[in-house]
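*Asks:* The structure follows.
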Amino acid sequence: MPSYHVNASTKRPAELTGEIIDNAYAQQLIEGFRKQFPGEVSRLFIGVNKIFSAVKDIPNVSGIRFMYGMEKVGDPESKVILLIPCDTASAHRPIPNTIVQPQGYLNHRGEIVGLKQTWQLLYNHAVHYAGLMPGVPFRGIMRGTFFGIDSLTSLLKDMTSAHGMYYHFGFDDSITEATAKHKAVLEPLHYDKTSYEWYMDFGSLCPPTCPPPPGGWPKPRIIESPDADNLDFTNLLPSQFNYTGDFSVNNPVVGPLVEMYYYVSPALTEALADSGKVQEVYTALSNNEVRECNRLIEAGNYEAAKELFEQAIDGLMKTYLFR
């Protein structure tokens, strides 16, 4: 039985994200979540075949984001995990970008969840836990954890011959930063669901636990004169979509769209850069969809704004991501 606790302070390659921890620390994290969030689902079973099916036939995969969703806000038993592959091109980032798949993603039960439903599930989870974590900004709500593909393979196929694993939602109250308190613990299991007594932690958290810049996180804003050399795609989000505040929580019509935008934007940024059409696309968006969407929001017409922006992003994904 392993009895060591590694030091994960050094940044590892994305594919190797995730390290073995000792049993005592694993149990501390597991019990910590149960104590902090009584009544919440504290673990979910995921079959090994489902984990690797999520990345089957997908090239250049660095790992999987185990993203947290809820089918119904206020119903802890409706908790789900979405298995979202990440690319290798952005492996240098604190957490690699997701690979946006037109068909959607597998959940922990092996069911395919469409993209639109994916964003709704992620939003439901964030809203649910916002109610359990007063004082934590909405953008700081824990949404999932990334583990590298090589670390997953090592844990589930090399070190063990696991049939499945428990994905434990751990919690370490001794950590100061709110998001970093959440510590996913992977526990490989035999066919009869008895433990191999190996545990893995030190995944990369989503959102990343990066310190805010001086003055705090900038709010999304409209760019009137896009500069292709310096502009990040996420800056085109309408200014009223205040992701750092309560706008998403208080506007369930818009909230899933905001979740979608922040997941899709990094992948679109990469694809647009590769296309050589950054200036053209940014200018067109700023002058048309973004401006009109902003006008609709100011008028309180959230449903129309959501549909317009959804159509715009869907068109960009079809053109630049789903080729």
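Ordered as shown in the structure tokens, chains take letters A, B, and onward, while each chain numbers its residues from 1 and ligands are numbered from 1 in the order shown.
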Out of region 14-174 of chain A, which residues get helix (DSSP H, G or I) from DSSP, as JSON, numbers by chain?

*Replies:* {"A": [14, 15, 16, 23, 24, 25, 26, 27, 28, 29, 30, 31, 32, 33, 34, 35, 36, 48, 49, 50, 51, 52, 53, 76, 77, 78, 115, 116, 117, 118, 119, 120, 121, 122, 123, 124, 125, 126, 127, 128, 129, 130, 131, 132, 138, 139, 140, 149, 150, 151, 152, 153, 154, 155, 156, 157, 158]}

*Asks:* Using DSSP on the backbone coordinates, identify the residues of region 30-148 of chain A assigned to strand (DSSP E); present them as an MDAnalysis selection string.

*Replies:* chainID A and resid 43:47 61:70 79:87 105:107 112:113 144:148

*Asks:* Which polymer residues have any atom within 9 Å of an atom of region 192-199 of chain A, counting only C-alpha atoms, with same-chain residues fewer than 3 positions away left out, as number ranges by chain?

*Replies:* A: 1-2, 19-23, 26, 155, 159-160, 162-166, 185-189

*Asks:* Given the choices A:His190, A:Asn49, A:Gly63, A:Glu298, which gets closest to Ser161 (chain A) if the distance is worked out from only C-alpha atoms?

*Replies:* A:His190

*Asks:* Per residue of region 113-161 of chain A within 12 Å of region 81-105 of chain A, what are the shortest atom pair and its distance in Å to one decimal, counting only C-alpha atoms, with rows by chain and residue number, as JSON lines?

*Replies:*
```
{"residue": "A:Val113", "atom": "CA", "partner": "A:Tyr105", "partner_atom": "CA", "distance": 5.3}
{"residue": "A:Gly114", "atom": "CA", "partner": "A:Gly104", "partner_atom": "CA", "distance": 4.3}
{"residue": "A:Leu115", "atom": "CA", "partner": "A:Gly104", "partner_atom": "CA", "distance": 4.6}
{"residue": "A:Lys116", "atom": "CA", "partner": "A:Gly104", "partner_atom": "CA", "distance": 8.2}
{"residue": "A:Gln117", "atom": "CA", "partner": "A:Gly104", "partner_atom": "CA", "distance": 8.6}
{"residue": "A:Thr118", "atom": "CA", "partner": "A:Gly104", "partner_atom": "CA", "distance": 7.3}
{"residue": "A:Trp119", "atom": "CA", "partner": "A:Gly104", "partner_atom": "CA", "distance": 10.1}
{"residue": "A:Gln120", "atom": "CA", "partner": "A:Leu82", "partner_atom": "CA", "distance": 11.8}
{"residue": "A:Leu121", "atom": "CA", "partner": "A:Leu82", "partner_atom": "CA", "distance": 9.0}
{"residue": "A:Leu122", "atom": "CA", "partner": "A:Leu82", "partner_atom": "CA", "distance": 8.8}
{"residue": "A:His125", "atom": "CA", "partner": "A:Ile81", "partner_atom": "CA", "distance": 10.2}
{"residue": "A:Arg143", "atom": "CA", "partner": "A:Ile81", "partner_atom": "CA", "distance": 10.0}
{"residue": "A:Gly144", "atom": "CA", "partner": "A:Ile81", "partner_atom": "CA", "distance": 8.5}
{"residue": "A:Thr145", "atom": "CA", "partner": "A:Ile95", "partner_atom": "CA", "distance": 8.8}
{"residue": "A:Phe146", "atom": "CA", "partner": "A:Ile95", "partner_atom": "CA", "distance": 6.9}
{"residue": "A:Phe147", "atom": "CA", "partner": "A:Ile95", "partner_atom": "CA", "distance": 9.4}
{"residue": "A:Gly148", "atom": "CA", "partner": "A:Cys86", "partner_atom": "CA", "distance": 9.0}
{"residue": "A:Ile149", "atom": "CA", "partner": "A:Pro85", "partner_atom": "CA", "distance": 9.3}
```

*Asks:* How would the residues just picked look written out with N, CA and C atoms as a compact mmCIF listing (two decimals), in the first residue's frame?

*Replies:*
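As written to disk, selection34.txt reads:
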```txt
# COMPACT_ATOMS: atom_id res chain seq x y z
N VAL A 113 -23.60 13.90 -24.39
CA VAL A 113 -24.32 15.12 -24.04
C VAL A 113 -24.01 16.16 -25.10
N GLY A 114 -25.03 16.68 -25.77
CA GLY A 114 -24.83 17.68 -26.81
C GLY A 114 -24.22 18.96 -26.27
N LEU A 115 -23.66 19.77 -27.17
CA LEU A 115 -22.97 20.98 -26.74
C LEU A 115 -23.89 21.92 -25.97
N LYS A 116 -25.08 22.16 -26.48
CA LYS A 116 -25.99 23.10 -25.82
C LYS A 116 -26.32 22.63 -24.41
N GLN A 117 -26.57 21.33 -24.25
CA GLN A 117 -26.85 20.78 -22.93
C GLN A 117 -25.62 20.82 -22.04
N THR A 118 -24.43 20.68 -22.65
CA THR A 118 -23.18 20.76 -21.88
C THR A 118 -23.09 22.09 -21.16
N TRP A 119 -23.32 23.18 -21.89
CA TRP A 119 -23.20 24.51 -21.27
C TRP A 119 -24.24 24.69 -20.18
N GLN A 120 -25.44 24.14 -20.38
CA GLN A 120 -26.48 24.25 -19.36
C GLN A 120 -26.09 23.50 -18.09
N LEU A 121 -25.53 22.30 -18.24
CA LEU A 121 -25.12 21.52 -17.07
C LEU A 121 -24.02 22.22 -16.29
N LEU A 122 -23.04 22.77 -17.02
CA LEU A 122 -21.94 23.48 -16.36
C LEU A 122 -22.46 24.70 -15.59
N HIS A 125 -24.32 23.72 -12.37
CA HIS A 125 -23.39 23.39 -11.28
C HIS A 125 -22.85 24.66 -10.63
N ARG A 143 -15.11 24.49 -11.22
CA ARG A 143 -15.88 23.90 -12.32
C ARG A 143 -15.34 22.56 -12.79
N GLY A 144 -14.15 22.18 -12.38
CA GLY A 144 -13.62 20.90 -12.81
C GLY A 144 -12.12 20.82 -12.60
N THR A 145 -11.54 19.69 -13.02
CA THR A 145 -10.11 19.46 -12.86
C THR A 145 -9.58 18.72 -14.08
N PHE A 146 -8.39 19.13 -14.52
CA PHE A 146 -7.72 18.50 -15.66
C PHE A 146 -6.68 17.51 -15.17
N PHE A 147 -6.69 16.31 -15.77
CA PHE A 147 -5.64 15.32 -15.54
C PHE A 147 -5.04 14.92 -16.88
N GLY A 148 -3.71 14.80 -16.90
CA GLY A 148 -3.00 14.46 -18.12
C GLY A 148 -3.27 13.03 -18.58
N ILE A 149 -3.25 12.82 -19.88
CA ILE A 149 -3.56 11.51 -20.44
C ILE A 149 -2.53 10.46 -20.02
```

*Asks:* Which of these residues is nearest to Pro13 (chain A), using only C-alpha atoms: A:Glu177, A:Asp57, A:Glu40, A:Asp150?

*Replies:*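 Comparing A:Glu177, A:Asp57, A:Glu40, A:Asp150 against Pro13 (chain A), the winner is A:Asp150.
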
*Asks:* Using only C-alpha atoms, which residues sit within 9 Å of Ile51 (chain A) once same-chain residues fewer than 2 positions away are excluded, as a ChimeraX atom specification?

*Replies:* /A:46-49,53-55,64,83,106,108,110,152,164

*Asks:* Please produce a file of the residues just selected, as a CSV table (one decimal), in the first residue's frame, where the atoms kept are C-alpha atoms.

*Replies:*
```
chain,number,residue,atom,x,y,z
A,46,ILE,CA,-16.5,6.3,-13.8
A,47,GLY,CA,-15.7,3.2,-15.8
A,48,VAL,CA,-12.2,3.1,-17.3
A,49,ASN,CA,-13.6,2.2,-20.7
A,53,SER,CA,-13.6,6.3,-25.0
A,54,ALA,CA,-13.8,10.1,-24.4
A,55,VAL,CA,-10.5,10.5,-26.2
A,64,ILE,CA,-9.2,15.3,-19.9
A,83,LEU,CA,-15.3,14.1,-19.9
A,106,LEU,CA,-19.4,11.8,-22.8
A,108,HIS,CA,-19.5,9.8,-16.4
A,110,GLY,CA,-21.0,7.0,-20.9
A,152,LEU,CA,-4.5,8.6,-16.3
A,164,GLY,CA,-13.2,1.9,-13.0
```

*Asks:* Between CA of Lys72 (chain A) and CA of Ile112 (chain A), what is the distance, to one decimal in Å?

*Replies:*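 Distance reported for this atom pair: 17.6 Å.
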
*Asks:* Extract, using only C-alpha atoms, all DNA, RNA and protein residues at most 10 Å from Leu132 (chain A), discarding same-chain residues fewer than 3 positions from it, and format them as a ChimeraX atom specification.

*Replies:* /A:36-37,126-129,135-136,141

*Asks:* Counting only C-alpha atoms, which of A:Ile175, A:Ala304, A:Met70, A:Leu156 gets nearest to Gly32 (chain A)?

*Replies:*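 Of the candidates, the smallest distance to Gly32 (chain A) is held by A:Ile175.
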
*Asks:* Counting only C-alpha atoms, figure out which residue out of A:Ile313, A:Val290, A:Leu321, A:Leu308 gets nearest to Ala271 (chain A).

*Replies:*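 With only C-alpha atoms as the atom set, the closest residue is A:Leu321.
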